[in-house]
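Undergrad: The structure that follows is given in the form of structure tokens.
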Amino acid sequence: MARDTKWCQNPKCPEKKLSNQIRGVKGKKYYQSNKANGYGCGNFCTLGCQTEWDNLFMDRAIDALGVRITEPVKVNMENAWLIEYDYTCNAGESRDRYYLTNKLYNVKHPITIQQATINPAEDYPSHKTSAQAKELAQQLGLTHQQ
Ligand SMILES: [Zn+2]
């Protein structure tokens, strides 16, 4: 996927007729697509262009890739673990709380920041993934209760 310049993938991008899209010389001027920006995984210049592309091609793209979902996707009880975070500020005191939760088993178990996050030393530590949350639930013996 490495190309030098990535252009906005909306074929209607130049139809926005913005002054920054004007190119060419007197008598031979035209509008051209913008360079792609951070939208749609770096394929579009704006959210508007991404939406326009979605309207034109999304259905065909899903069918062409053979990834259309025709039945609801399900996550079963064993895989329903997640890390929840709660921040409370009471009488000037703030408190971070982390929980290992499985709403399908009705479990909400308090855990430490070390247990809840991948790298607790970071300023805004990322929570563990669902797979890691499931592992933690097994380690803590929470997977046997109903
Ligand atoms: Zn565009």
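Following the order of the structure tokens, first chain is A, next is B, and so on, with residues numbered from 1 inside each chain and ligands from 1 in the order they appear.
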Could the residues that lie within 12 Å of ligand 1, counting only C-alpha atoms and all ligand atoms, be listed as a ChimeraX atom specification?
TA: /A:6-18,20-21,31-40,42-53
Undergrad: Could you pull out the residues in region 10-144 of chain A that DSSP calls alpha helix (DSSP H) from the backbone, as a count of residues only?
TA: 33
Undergrad: As a list in words, please: every residue in region 62-113 of chain A that a backbone DSSP assignment puts in strand (DSSP E or B).
TA: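 Result set for region 62-113 of chain A (strand (DSSP E or B)): Leu82, Ile83, Glu84, Tyr85, Asp86, Tyr87, Thr88, Cys89, Asn90, Glu93, Ser94, Arg95, Asp96, Arg97, Tyr98, Tyr99, Leu100, Thr101, Asn102, Val107, Lys108, His109, Pro110 and Ile111 of chain A.
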Undergrad: Can you spit out the residues from that selection as a PDB file, in the first residue's frame, using N, CA and C atoms?
TA:
ATOM      1  N   LEU A  82     -14.634  -7.539  30.480  1.00  0.00           N
ATOM      2  CA  LEU A  82     -14.056  -6.271  30.071  1.00  0.00           C
ATOM      3  C   LEU A  82     -13.586  -5.494  31.289  1.00  0.00           C
ATOM      4  N   ILE A  83     -12.697  -4.531  31.026  1.00  0.00           N
ATOM      5  CA  ILE A  83     -12.199  -3.653  32.090  1.00  0.00           C
ATOM      6  C   ILE A  83     -13.067  -2.405  32.096  1.00  0.00           C
ATOM      7  N   GLU A  84     -13.571  -2.042  33.260  1.00  0.00           N
ATOM      8  CA  GLU A  84     -14.336  -0.805  33.370  1.00  0.00           C
ATOM      9  C   GLU A  84     -13.597   0.159  34.291  1.00  0.00           C
ATOM     10  N   TYR A  85     -13.780   1.419  34.003  1.00  0.00           N
ATOM     11  CA  TYR A  85     -13.078   2.474  34.726  1.00  0.00           C
ATOM     12  C   TYR A  85     -14.086   3.479  35.219  1.00  0.00           C
ATOM     13  N   ASP A  86     -13.809   3.978  36.398  1.00  0.00           N
ATOM     14  CA  ASP A  86     -14.744   4.845  37.074  1.00  0.00           C
ATOM     15  C   ASP A  86     -13.935   5.930  37.772  1.00  0.00           C
ATOM     16  N   TYR A  87     -14.286   7.162  37.543  1.00  0.00           N
ATOM     17  CA  TYR A  87     -13.565   8.257  38.182  1.00  0.00           C
ATOM     18  C   TYR A  87     -14.554   9.032  39.026  1.00  0.00           C
ATOM     19  N   THR A  88     -14.262   9.129  40.317  1.00  0.00           N
ATOM     20  CA  THR A  88     -15.164   9.903  41.161  1.00  0.00           C
ATOM     21  C   THR A  88     -14.407  11.026  41.840  1.00  0.00           C
ATOM     22  N   CYS A  89     -15.073  12.140  41.978  1.00  0.00           N
ATOM     23  CA  CYS A  89     -14.492  13.285  42.666  1.00  0.00           C
ATOM     24  C   CYS A  89     -15.467  13.686  43.752  1.00  0.00           C
ATOM     25  N   ASN A  90     -15.041  13.539  44.990  1.00  0.00           N
ATOM     26  CA  ASN A  90     -15.932  13.774  46.121  1.00  0.00           C
ATOM     27  C   ASN A  90     -15.210  14.619  47.167  1.00  0.00           C
ATOM     28  N   GLU A  93     -11.614  15.196  46.757  1.00  0.00           N
ATOM     29  CA  GLU A  93     -10.749  14.027  46.579  1.00  0.00           C
ATOM     30  C   GLU A  93     -11.171  13.228  45.363  1.00  0.00           C
ATOM     31  N   SER A  94     -10.207  13.010  44.474  1.00  0.00           N
ATOM     32  CA  SER A  94     -10.536  12.233  43.277  1.00  0.00           C
ATOM     33  C   SER A  94     -10.048  10.809  43.445  1.00  0.00           C
ATOM     34  N   ARG A  95     -10.750   9.916  42.818  1.00  0.00           N
ATOM     35  CA  ARG A  95     -10.421   8.497  42.957  1.00  0.00           C
ATOM     36  C   ARG A  95     -10.632   7.749  41.655  1.00  0.00           C
ATOM     37  N   ASP A  96      -9.629   7.004  41.268  1.00  0.00           N
ATOM     38  CA  ASP A  96      -9.741   6.112  40.110  1.00  0.00           C
ATOM     39  C   ASP A  96     -10.131   4.736  40.615  1.00  0.00           C
ATOM     40  N   ARG A  97     -11.081   4.156  39.958  1.00  0.00           N
ATOM     41  CA  ARG A  97     -11.424   2.781  40.303  1.00  0.00           C
ATOM     42  C   ARG A  97     -11.505   1.945  39.049  1.00  0.00           C
ATOM     43  N   TYR A  98     -10.981   0.750  39.136  1.00  0.00           N
ATOM     44  CA  TYR A  98     -11.038  -0.183  38.002  1.00  0.00           C
ATOM     45  C   TYR A  98     -11.801  -1.425  38.415  1.00  0.00           C
ATOM     46  N   TYR A  99     -12.549  -1.960  37.449  1.00  0.00           N
ATOM     47  CA  TYR A  99     -13.319  -3.170  37.713  1.00  0.00           C
ATOM     48  C   TYR A  99     -13.123  -4.163  36.579  1.00  0.00           C
ATOM     49  N   LEU A 100     -13.135  -5.423  36.952  1.00  0.00           N
ATOM     50  CA  LEU A 100     -13.204  -6.494  35.978  1.00  0.00           C
ATOM     51  C   LEU A 100     -14.664  -6.924  35.955  1.00  0.00           C
ATOM     52  N   THR A 101     -15.281  -6.698  34.801  1.00  0.00           N
ATOM     53  CA  THR A 101     -16.734  -6.817  34.728  1.00  0.00           C
ATOM     54  C   THR A 101     -17.160  -7.860  33.717  1.00  0.00           C
ATOM     55  N   ASN A 102     -18.218  -8.571  34.050  1.00  0.00           N
ATOM     56  CA  ASN A 102     -18.902  -9.435  33.083  1.00  0.00           C
ATOM     57  C   ASN A 102     -20.397  -9.306  33.367  1.00  0.00           C
ATOM     58  N   VAL A 107     -21.074  -9.915  37.215  1.00  0.00           N
ATOM     59  CA  VAL A 107     -19.885  -9.771  38.041  1.00  0.00           C
ATOM     60  C   VAL A 107     -19.276  -8.393  37.814  1.00  0.00           C
ATOM     61  N   LYS A 108     -18.980  -7.706  38.924  1.00  0.00           N
ATOM     62  CA  LYS A 108     -18.243  -6.443  38.858  1.00  0.00           C
ATOM     63  C   LYS A 108     -17.237  -6.476  40.001  1.00  0.00           C
ATOM     64  N   HIS A 109     -16.001  -6.836  39.668  1.00  0.00           N
ATOM     65  CA  HIS A 109     -14.990  -7.138  40.664  1.00  0.00           C
ATOM     66  C   HIS A 109     -13.933  -6.034  40.685  1.00  0.00           C
ATOM     67  N   PRO A 110     -13.719  -5.359  41.840  1.00  0.00           N
ATOM     68  CA  PRO A 110     -12.709  -4.306  41.878  1.00  0.00           C
ATOM     69  C   PRO A 110     -11.296  -4.856  41.671  1.00  0.00           C
ATOM     70  N   ILE A 111     -10.514  -4.182  40.860  1.00  0.00           N
ATOM     71  CA  ILE A 111      -9.128  -4.595  40.616  1.00  0.00           C
ATOM     72  C   ILE A 111      -8.215  -3.373  40.720  1.00  0.00           C
TER      73      ILE A 111
END
Undergrad: Show which residues sit within 12 Å of Gln138 (chain A), as a PyMOL selection string. Count only C-alpha atoms, and ignore same-chain residues fewer than 5 positions away.
TA: chain A and resi 78-79+81+100+131-133+143-145
Undergrad: Hey, can you check how far CA of Ser130 (chain A) sits from CA of Ala80 (chain A)?
TA: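 According to the coordinates, CA of Ser130 (chain A) and CA of Ala80 (chain A) are separated by 7.5 Å.
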Undergrad: CA of Leu104 (chain A) and CA of Val75 (chain A) are how many Å apart?
TA: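 That distance, rounded to one decimal, is 10.0 Å.
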Undergrad: CA of Asp4 (chain A) and CA of Val25 (chain A), how far apart in Å?
TA: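 About the pair CA of Val25 (chain A) and CA of Asp4 (chain A): they are 24.8 Å apart.
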